[in-house]
Amino acid sequence: MTKPIPFIKSKSTISFFSEHGQTTFHETDRAFKVVENALLNKDWAEIKKRIDIENNIMEYLDGRYEIKNGVVMIDGQTYSNYVTQRIIDMYYEGLDVNPIFKFLEKLVENPSRRAVQELLQFLEYGNLPITEAGNFLAYKRVRKDYTDCHSGKFDNSVGQVVSMPRNEVDDDPTRTCSAGLHVCSYEYLAAFYGERVVVCEINPADVVAVPKDYNNTKMRVCRYKVVNEIAKFSEDNNQSELEDELVVEHLGEDELDEAYDINEIYE
């Protein structure tokens, strides 16, 4: 039988004191309600399991990573609670957490701290998936012939890589429509036009800006690869119906690194 674990509870946090030191769960954590209910039921085994998760995850990591009190750190830099909770929840459910760490390794290569934080908010709000290679998926509406809706010059058919120099992408998040390659969350699709919807795979290092006035539903990047098309789409579709249509083709790193030269694009 697991012994009681010393704790202190406030309105928004619960902190436990064990052989691992202090472990704090915040009300914004997905695990908070689980831990709170376990505390009410004096289920110390469940609480210990949750406390041990962070330490067990460390077995996957090298010296660059650290998880402390629910915060992921890479090379001393902290990342949002959203990332930490995705890692912990996936590990707790027996899922492979390596894609998340591959994502973080690429994320630290993004030269803009602001873009990094904006991307994490974008993914959290849009609940967008991360691939085995550590990239993420987003959507794009294009014309019937797969060209971009703005100029009609750029091929967005499945398998194409579209890119432009990063320094030609507008990195000002206060400007809504400006130079760059645009992708979006599912929610934004209904606000744009285009007969087709394609799925794009993006390296987190290639994110440049998330316009502030679209509530984290649209972003500008400097490169993406079109990996699939949603064959049937209507504005009445919900997220689960969309996911039923989506079968993502796995891309190798070499494929994603290949790119077509584009002087400029405004979509």
# chains A, B, ... in the order shown; residues from 1 in each chain; ligands from 1
$ residues_around --residues "region 116-129 of chain A" --least-positions-apart "4" --cutoff "6 Å" --atoms "only C-alpha atoms" --output "PyMOL selection string"
chain A and resi 136-137+185+216
$ select_by_dssp --residues "region 32-170 of chain A" --states "helix (DSSP H, G or I)" --output "VMD selection string"
chain A and resid 32 to 40 44 to 60 81 to 92 98 to 107 113 to 126 166 to 168
$ residues_around --residues "region 196-204 of chain A" --least-positions-apart "6" --cutoff "8 Å" --atoms "only C-alpha atoms" --output "ChimeraX atom specification"
/A:103,106-107,110,116,119,134-144,146,156-158,183,223-231,233
$ write_last_selection --atoms "N, CA, C and O atoms" --output "short mmCIF file (atom, residue, chain, number, x, y, z; two decimals), in the first residue's frame"
data_model
loop_
_atom_site.label_atom_id
_atom_site.label_comp_id
_atom_site.auth_asym_id
_atom_site.auth_seq_id
_atom_site.Cartn_x
_atom_site.Cartn_y
_atom_site.Cartn_z
N PHE A 103 10.13 17.29 -32.46
CA PHE A 103 9.54 18.59 -32.73
C PHE A 103 10.28 19.69 -31.98
O PHE A 103 10.61 20.74 -32.54
N LYS A 106 13.67 20.60 -33.43
CA LYS A 106 13.56 21.47 -34.60
C LYS A 106 13.11 22.86 -34.19
O LYS A 106 13.53 23.86 -34.79
N LEU A 107 12.26 22.92 -33.18
CA LEU A 107 11.74 24.21 -32.73
C LEU A 107 12.86 25.12 -32.26
O LEU A 107 12.84 26.33 -32.52
N ASN A 110 14.51 27.45 -34.73
CA ASN A 110 13.82 28.65 -35.22
C ASN A 110 14.50 29.88 -34.62
O ASN A 110 14.61 29.99 -33.40
N VAL A 116 8.45 31.16 -32.05
CA VAL A 116 8.36 29.92 -31.29
C VAL A 116 7.14 29.94 -30.38
O VAL A 116 6.34 28.99 -30.34
N LEU A 119 3.90 29.85 -32.39
CA LEU A 119 3.62 28.53 -32.94
C LEU A 119 2.99 27.62 -31.89
O LEU A 119 2.03 26.89 -32.18
N GLY A 134 8.69 14.93 -36.41
CA GLY A 134 8.79 16.13 -35.58
C GLY A 134 8.30 17.39 -36.27
O GLY A 134 8.53 18.49 -35.77
N ASN A 135 7.64 17.26 -37.41
CA ASN A 135 7.01 18.41 -38.07
C ASN A 135 5.55 18.48 -37.64
O ASN A 135 5.08 17.62 -36.90
N PHE A 136 4.83 19.50 -38.08
CA PHE A 136 3.40 19.57 -37.76
C PHE A 136 2.61 19.76 -39.03
O PHE A 136 3.14 20.13 -40.08
N LEU A 137 1.32 19.48 -38.96
CA LEU A 137 0.43 19.57 -40.11
C LEU A 137 -0.51 20.75 -39.97
O LEU A 137 -0.98 21.06 -38.87
N ALA A 138 -0.79 21.41 -41.09
CA ALA A 138 -1.76 22.50 -41.13
C ALA A 138 -2.46 22.43 -42.49
O ALA A 138 -2.12 21.62 -43.35
N TYR A 139 -3.45 23.31 -42.69
CA TYR A 139 -4.29 23.24 -43.88
C TYR A 139 -4.10 24.46 -44.78
O TYR A 139 -3.56 25.49 -44.37
N LYS A 140 -4.59 24.31 -46.01
CA LYS A 140 -4.51 25.41 -46.97
C LYS A 140 -5.59 25.23 -48.03
O LYS A 140 -5.77 24.12 -48.55
N ARG A 141 -6.30 26.30 -48.35
CA ARG A 141 -7.26 26.26 -49.45
C ARG A 141 -6.58 26.76 -50.72
O ARG A 141 -5.87 27.77 -50.69
N VAL A 142 -6.80 26.04 -51.81
CA VAL A 142 -6.20 26.40 -53.10
C VAL A 142 -7.26 26.31 -54.19
O VAL A 142 -8.39 25.87 -53.96
N ARG A 143 -6.87 26.74 -55.39
CA ARG A 143 -7.80 26.70 -56.52
C ARG A 143 -8.03 25.26 -56.99
O ARG A 143 -7.33 24.34 -56.58
N LYS A 144 -8.98 25.12 -57.89
CA LYS A 144 -9.32 23.80 -58.41
C LYS A 144 -8.13 23.13 -59.09
O LYS A 144 -7.97 21.90 -59.06
N TYR A 146 -5.08 23.46 -58.16
CA TYR A 146 -4.07 23.34 -57.11
C TYR A 146 -3.13 24.55 -57.02
O TYR A 146 -2.18 24.51 -56.23
N ASN A 156 0.36 23.64 -55.72
CA ASN A 156 0.16 23.08 -54.39
C ASN A 156 -0.41 21.67 -54.46
O ASN A 156 -1.14 21.24 -53.56
N SER A 157 -0.08 20.95 -55.52
CA SER A 157 -0.54 19.56 -55.61
C SER A 157 0.29 18.69 -54.67
O SER A 157 1.39 19.06 -54.26
N VAL A 158 -0.24 17.52 -54.34
CA VAL A 158 0.41 16.64 -53.36
C VAL A 158 1.82 16.27 -53.83
O VAL A 158 2.03 15.89 -54.98
N VAL A 183 -0.51 29.13 -44.20
CA VAL A 183 -1.23 27.92 -43.84
C VAL A 183 -2.14 28.28 -42.67
O VAL A 183 -2.02 29.35 -42.07
N ARG A 223 8.42 27.77 -45.73
CA ARG A 223 8.49 26.52 -46.49
C ARG A 223 7.46 25.53 -45.97
O ARG A 223 7.19 25.46 -44.78
N TYR A 224 6.88 24.76 -46.88
CA TYR A 224 6.02 23.64 -46.50
C TYR A 224 6.01 22.62 -47.62
O TYR A 224 6.39 22.91 -48.76
N LYS A 225 5.57 21.42 -47.31
CA LYS A 225 5.37 20.39 -48.34
C LYS A 225 3.92 19.95 -48.28
O LYS A 225 3.37 19.68 -47.20
N VAL A 226 3.28 19.87 -49.43
CA VAL A 226 1.90 19.40 -49.52
C VAL A 226 1.92 17.87 -49.45
O VAL A 226 2.54 17.22 -50.30
N VAL A 227 1.26 17.30 -48.44
CA VAL A 227 1.33 15.86 -48.22
C VAL A 227 0.03 15.13 -48.49
O VAL A 227 0.02 13.90 -48.62
N ASN A 228 -1.08 15.87 -48.58
CA ASN A 228 -2.34 15.20 -48.81
C ASN A 228 -3.40 16.21 -49.20
O ASN A 228 -3.19 17.42 -49.09
N GLU A 229 -4.53 15.69 -49.64
CA GLU A 229 -5.68 16.52 -49.96
C GLU A 229 -6.89 15.94 -49.26
O GLU A 229 -7.05 14.72 -49.16
N ILE A 230 -7.73 16.81 -48.74
CA ILE A 230 -8.99 16.38 -48.16
C ILE A 230 -9.98 16.28 -49.32
O ILE A 230 -10.39 17.29 -49.90
N ALA A 231 -10.34 15.06 -49.68
CA ALA A 231 -11.13 14.84 -50.90
C ALA A 231 -12.52 15.48 -50.82
O ALA A 231 -13.03 16.00 -51.80
N PHE A 233 -14.79 18.24 -48.67
CA PHE A 233 -14.75 19.29 -47.66
C PHE A 233 -15.94 20.23 -47.84
O PHE A 233 -16.29 20.60 -48.95
#
$ closest_residue --among "A:His20, A:Ala209, A:Gln85, A:Gly194" --to "Gly152 (chain A)" --atoms "only C-alpha atoms"
A:Gly194
$ select_by_dssp --residues "region 112-221 of chain A" --states "strand (DSSP E or B)" --output "PyMOL selection string"
chain A and resi 130+136-142+147+155+161-163+180-184+196-202+207-209+218-221
$ atom_distance --atom1 "CA of Lys48 (chain A)" --atom2 "CA of Asp96 (chain A)"
21.3 Å
$ residues_around --residues "Ile53 (chain A)" --least-positions-apart "4" --cutoff "7 Å" --atoms "only C-alpha atoms" --output "VMD selection string"
chain A and resid 49 57 88
$ atom_distance --atom1 "CA of Gln22 (chain A)" --atom2 "CA of Gly94 (chain A)"
24.4 Å
